[in-house]
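Working notes, structure below.
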Amino acid sequence: MGRKSLFVFGGYLELKRGIGMWYDCLSGTDFLKRLYNKIPELKSVIIEKFLVTYYGWTVLMVLDMPRWVDVIPKKWKLQGYNSVQIAIEFSAVTNLAFSAGKGKRNDIDMAAMDGNMVKVVMNGGMNGEFIAEAGVIQKITGYINDLSEE
């Protein structure tokens, strides 16, 4: 079988066989997989926080998921939560470049590269890309979103 590839920012990424969804190249996804019957793509999401730490070359990205969960945890239901936010930390980051775009919504793509690296590409309110040695979902939080985005 041939290799799969994904075209991003003028180049091709070689994808690991069988990897295709953004969360497949991250660790710490068990809870996320229990919350959704089909995990949504990261299209039109709001990046709440994008924190770059120079020492250790890490990036912390906190974003609102594009839709509410399919399987609501009992605690979240009792609290009346209607939105979910995830925090993803990337380590050993290289080739980091980003700039402010227009609006606050973003499309985010993540793909596994040869050598177990992760390529992240953001388009929209924040435009940029970087490569990391690892990506981990650090936290998944339910909350009440009473702001209308429309």
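Chain labels A, B, ... are given in the sequence in which chains occur in the structure tokens; within each chain residues are numbered consecutively from 1, and ligands are likewise numbered from 1 in the order shown.
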
Pull the alpha helix (DSSP H) assignments for chain A out of DSSP run on the backbone, and list those residues as a ChimeraX atom specification. /A:30-35,74-79

Assign secondary structure with DSSP using the backbone only, and return the residues of region 16-139 of chain A in strand (DSSP E) as a PyMOL selection string. chain A and resi 45-53+58-64+83-91+94-100+105-113+117-124+126-132+134-139

Between region 84-132 of chain A and region 21-43 of chain A, at 10 Å or less, what are the per-residue closest atom pairs and their distances in Å? Count only C-alpha atoms, order by chain and rising residue number, and return it as JSON lines.
{"residue": "A:Val84", "atom": "CA", "partner": "A:Leu35", "partner_atom": "CA", "distance": 9.9}
{"residue": "A:Ile86", "atom": "CA", "partner": "A:Leu32", "partner_atom": "CA", "distance": 8.9}
{"residue": "A:Ile88", "atom": "CA", "partner": "A:Leu26", "partner_atom": "CA", "distance": 8.6}
{"residue": "A:Glu89", "atom": "CA", "partner": "A:Leu26", "partner_atom": "CA", "distance": 9.5}
{"residue": "A:Phe90", "atom": "CA", "partner": "A:Leu26", "partner_atom": "CA", "distance": 9.1}
{"residue": "A:Arg105", "atom": "CA", "partner": "A:Lys43", "partner_atom": "CA", "distance": 8.2}
{"residue": "A:Asn106", "atom": "CA", "partner": "A:Lys43", "partner_atom": "CA", "distance": 6.4}
{"residue": "A:Asp107", "atom": "CA", "partner": "A:Lys43", "partner_atom": "CA", "distance": 4.3}
{"residue": "A:Ile108", "atom": "CA", "partner": "A:Leu42", "partner_atom": "CA", "distance": 5.3}
{"residue": "A:Asp109", "atom": "CA", "partner": "A:Trp22", "partner_atom": "CA", "distance": 6.3}
{"residue": "A:Met110", "atom": "CA", "partner": "A:Trp22", "partner_atom": "CA", "distance": 4.8}
{"residue": "A:Ala111", "atom": "CA", "partner": "A:Trp22", "partner_atom": "CA", "distance": 6.1}
{"residue": "A:Ala112", "atom": "CA", "partner": "A:Cys25", "partner_atom": "CA", "distance": 5.3}
{"residue": "A:Met113", "atom": "CA", "partner": "A:Cys25", "partner_atom": "CA", "distance": 8.9}
{"residue": "A:Asn116", "atom": "CA", "partner": "A:Cys25", "partner_atom": "CA", "distance": 8.3}
{"residue": "A:Met117", "atom": "CA", "partner": "A:Cys25", "partner_atom": "CA", "distance": 8.4}
{"residue": "A:Val118", "atom": "CA", "partner": "A:Cys25", "partner_atom": "CA", "distance": 6.5}
{"residue": "A:Lys119", "atom": "CA", "partner": "A:Cys25", "partner_atom": "CA", "distance": 9.1}
{"residue": "A:Val120", "atom": "CA", "partner": "A:Trp22", "partner_atom": "CA", "distance": 9.1}
{"residue": "A:Met122", "atom": "CA", "partner": "A:Leu42", "partner_atom": "CA", "distance": 9.7}
{"residue": "A:Asn123", "atom": "CA", "partner": "A:Lys43", "partner_atom": "CA", "distance": 9.5}
{"residue": "A:Gly124", "atom": "CA", "partner": "A:Lys43", "partner_atom": "CA", "distance": 9.8}

Residues near region 45-59 of chain A, anyone? I mean within 12 Å using only C-alpha atoms, not counting same-chain ones fewer than 6 positions away, as a ChimeraX atom specification. /A:65-67,83-100,103-109,120,122-138,149

Hey, can you spit out that residue selection with N, CA and C atoms as a compact mmCIF listing (two decimals), in the first residue's frame?
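And here's again_27.txt as it stands now:
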# COMPACT_ATOMS: atom_id res chain seq x y z
N MET A 65 -14.84 23.49 21.73
CA MET A 65 -15.22 22.50 20.71
C MET A 65 -16.38 23.06 19.90
N PRO A 66 -16.50 22.67 18.61
CA PRO A 66 -17.51 23.25 17.74
C PRO A 66 -18.95 22.87 18.09
N ARG A 67 -19.13 21.81 18.86
CA ARG A 67 -20.49 21.45 19.26
C ARG A 67 -20.47 20.74 20.60
N SER A 83 -21.51 23.74 26.89
CA SER A 83 -20.34 23.89 26.01
C SER A 83 -19.17 23.12 26.59
N VAL A 84 -18.22 22.81 25.73
CA VAL A 84 -17.04 22.05 26.17
C VAL A 84 -15.78 22.72 25.63
N GLN A 85 -14.76 22.71 26.46
CA GLN A 85 -13.47 23.33 26.12
C GLN A 85 -12.37 22.30 26.36
N ILE A 86 -11.39 22.28 25.48
CA ILE A 86 -10.26 21.37 25.68
C ILE A 86 -8.95 22.16 25.69
N ALA A 87 -8.01 21.65 26.46
CA ALA A 87 -6.66 22.22 26.53
C ALA A 87 -5.71 21.18 25.98
N ILE A 88 -4.95 21.56 24.96
CA ILE A 88 -3.99 20.65 24.32
C ILE A 88 -2.61 21.26 24.47
N GLU A 89 -1.68 20.47 25.00
CA GLU A 89 -0.30 20.95 25.14
C GLU A 89 0.59 20.21 24.16
N PHE A 90 1.40 20.98 23.45
CA PHE A 90 2.35 20.43 22.48
C PHE A 90 3.75 20.67 23.02
N SER A 91 4.62 19.68 22.90
CA SER A 91 5.98 19.81 23.43
C SER A 91 7.02 19.69 22.33
N ALA A 92 8.21 20.22 22.63
CA ALA A 92 9.34 20.24 21.69
C ALA A 92 8.89 20.83 20.34
N VAL A 93 8.35 22.03 20.42
CA VAL A 93 7.79 22.71 19.25
C VAL A 93 8.90 23.35 18.42
N THR A 94 8.79 23.19 17.11
CA THR A 94 9.71 23.82 16.16
C THR A 94 8.90 24.44 15.03
N ASN A 95 9.57 25.22 14.21
CA ASN A 95 8.96 25.82 13.01
C ASN A 95 7.67 26.57 13.33
N LEU A 96 7.66 27.28 14.46
CA LEU A 96 6.48 28.02 14.89
C LEU A 96 6.40 29.36 14.17
N ALA A 97 5.26 29.60 13.53
CA ALA A 97 4.99 30.88 12.87
C ALA A 97 3.50 31.13 12.98
N PHE A 98 3.12 32.34 13.40
CA PHE A 98 1.70 32.65 13.45
C PHE A 98 1.48 34.15 13.33
N SER A 99 0.27 34.52 12.93
CA SER A 99 -0.12 35.93 12.82
C SER A 99 -1.62 36.03 13.06
N ALA A 100 -2.05 37.22 13.43
CA ALA A 100 -3.47 37.46 13.65
C ALA A 100 -4.18 37.60 12.32
N GLY A 103 -11.48 38.04 12.45
CA GLY A 103 -12.51 37.24 13.12
C GLY A 103 -11.92 36.44 14.26
N LYS A 104 -12.78 35.66 14.92
CA LYS A 104 -12.29 34.88 16.04
C LYS A 104 -12.45 33.38 15.83
N ARG A 105 -13.00 32.97 14.73
CA ARG A 105 -13.19 31.55 14.46
C ARG A 105 -11.99 31.01 13.67
N ASN A 106 -11.66 29.75 13.94
CA ASN A 106 -10.48 29.13 13.32
C ASN A 106 -10.80 27.72 12.84
N ASP A 107 -10.14 27.33 11.79
CA ASP A 107 -10.10 25.93 11.36
C ASP A 107 -8.72 25.43 11.76
N ILE A 108 -8.69 24.30 12.47
CA ILE A 108 -7.43 23.74 12.94
C ILE A 108 -7.29 22.33 12.40
N ASP A 109 -6.15 22.06 11.78
CA ASP A 109 -5.84 20.72 11.28
C ASP A 109 -4.61 20.21 12.01
N VAL A 120 0.61 21.04 13.12
CA VAL A 120 -0.61 21.78 13.45
C VAL A 120 -0.69 22.99 12.53
N MET A 122 -3.32 26.31 11.60
CA MET A 122 -4.48 27.11 12.01
C MET A 122 -4.77 28.15 10.93
N ASN A 123 -6.04 28.29 10.59
CA ASN A 123 -6.48 29.29 9.61
C ASN A 123 -7.72 29.98 10.12
N GLY A 124 -7.76 31.31 10.01
CA GLY A 124 -8.92 32.07 10.44
C GLY A 124 -8.51 33.23 11.32
N GLY A 125 -9.04 33.27 12.55
CA GLY A 125 -8.71 34.32 13.49
C GLY A 125 -7.24 34.33 13.86
N MET A 126 -6.62 33.18 13.84
CA MET A 126 -5.18 33.05 14.02
C MET A 126 -4.68 32.16 12.89
N ASN A 127 -3.68 32.66 12.18
CA ASN A 127 -3.11 31.89 11.08
C ASN A 127 -1.72 31.46 11.49
N GLY A 128 -1.40 30.20 11.29
CA GLY A 128 -0.07 29.75 11.64
C GLY A 128 0.09 28.27 11.53
N GLU A 129 1.28 27.85 11.91
CA GLU A 129 1.60 26.42 11.88
C GLU A 129 2.79 26.17 12.77
N PHE A 130 2.93 24.91 13.21
CA PHE A 130 4.11 24.47 13.94
C PHE A 130 4.18 22.96 13.90
N ILE A 131 5.35 22.45 14.27
CA ILE A 131 5.58 21.02 14.36
C ILE A 131 5.96 20.72 15.81
N ALA A 132 5.44 19.63 16.36
CA ALA A 132 5.74 19.26 17.74
C ALA A 132 6.10 17.78 17.81
N GLU A 133 6.90 17.43 18.80
CA GLU A 133 7.23 16.02 19.01
C GLU A 133 6.07 15.26 19.63
N ALA A 134 5.21 15.97 20.39
CA ALA A 134 4.07 15.31 21.03
C ALA A 134 2.97 16.31 21.30
N GLY A 135 1.75 15.81 21.33
CA GLY A 135 0.58 16.60 21.70
C GLY A 135 -0.27 15.80 22.67
N VAL A 136 -0.71 16.44 23.76
CA VAL A 136 -1.46 15.76 24.81
C VAL A 136 -2.69 16.59 25.17
N ILE A 137 -3.85 15.96 25.22
CA ILE A 137 -5.02 16.65 25.75
C ILE A 137 -4.86 16.67 27.26
N GLN A 138 -4.64 17.87 27.81
CA GLN A 138 -4.38 18.03 29.24
C GLN A 138 -5.66 18.11 30.06
N GLU A 149 -23.16 33.59 19.85
CA GLU A 149 -22.10 33.77 18.86
C GLU A 149 -22.67 34.20 17.51

Tell me, in Å to one decimal, how far CA of Val71 (chain A) is from CA of Gly142 (chain A).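 Interatomic distance here is 12.0 Å.
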
Distance CA of Trp76 (chain A)-CA of Ile140 (chain A), one decimal place? 11.5 Å
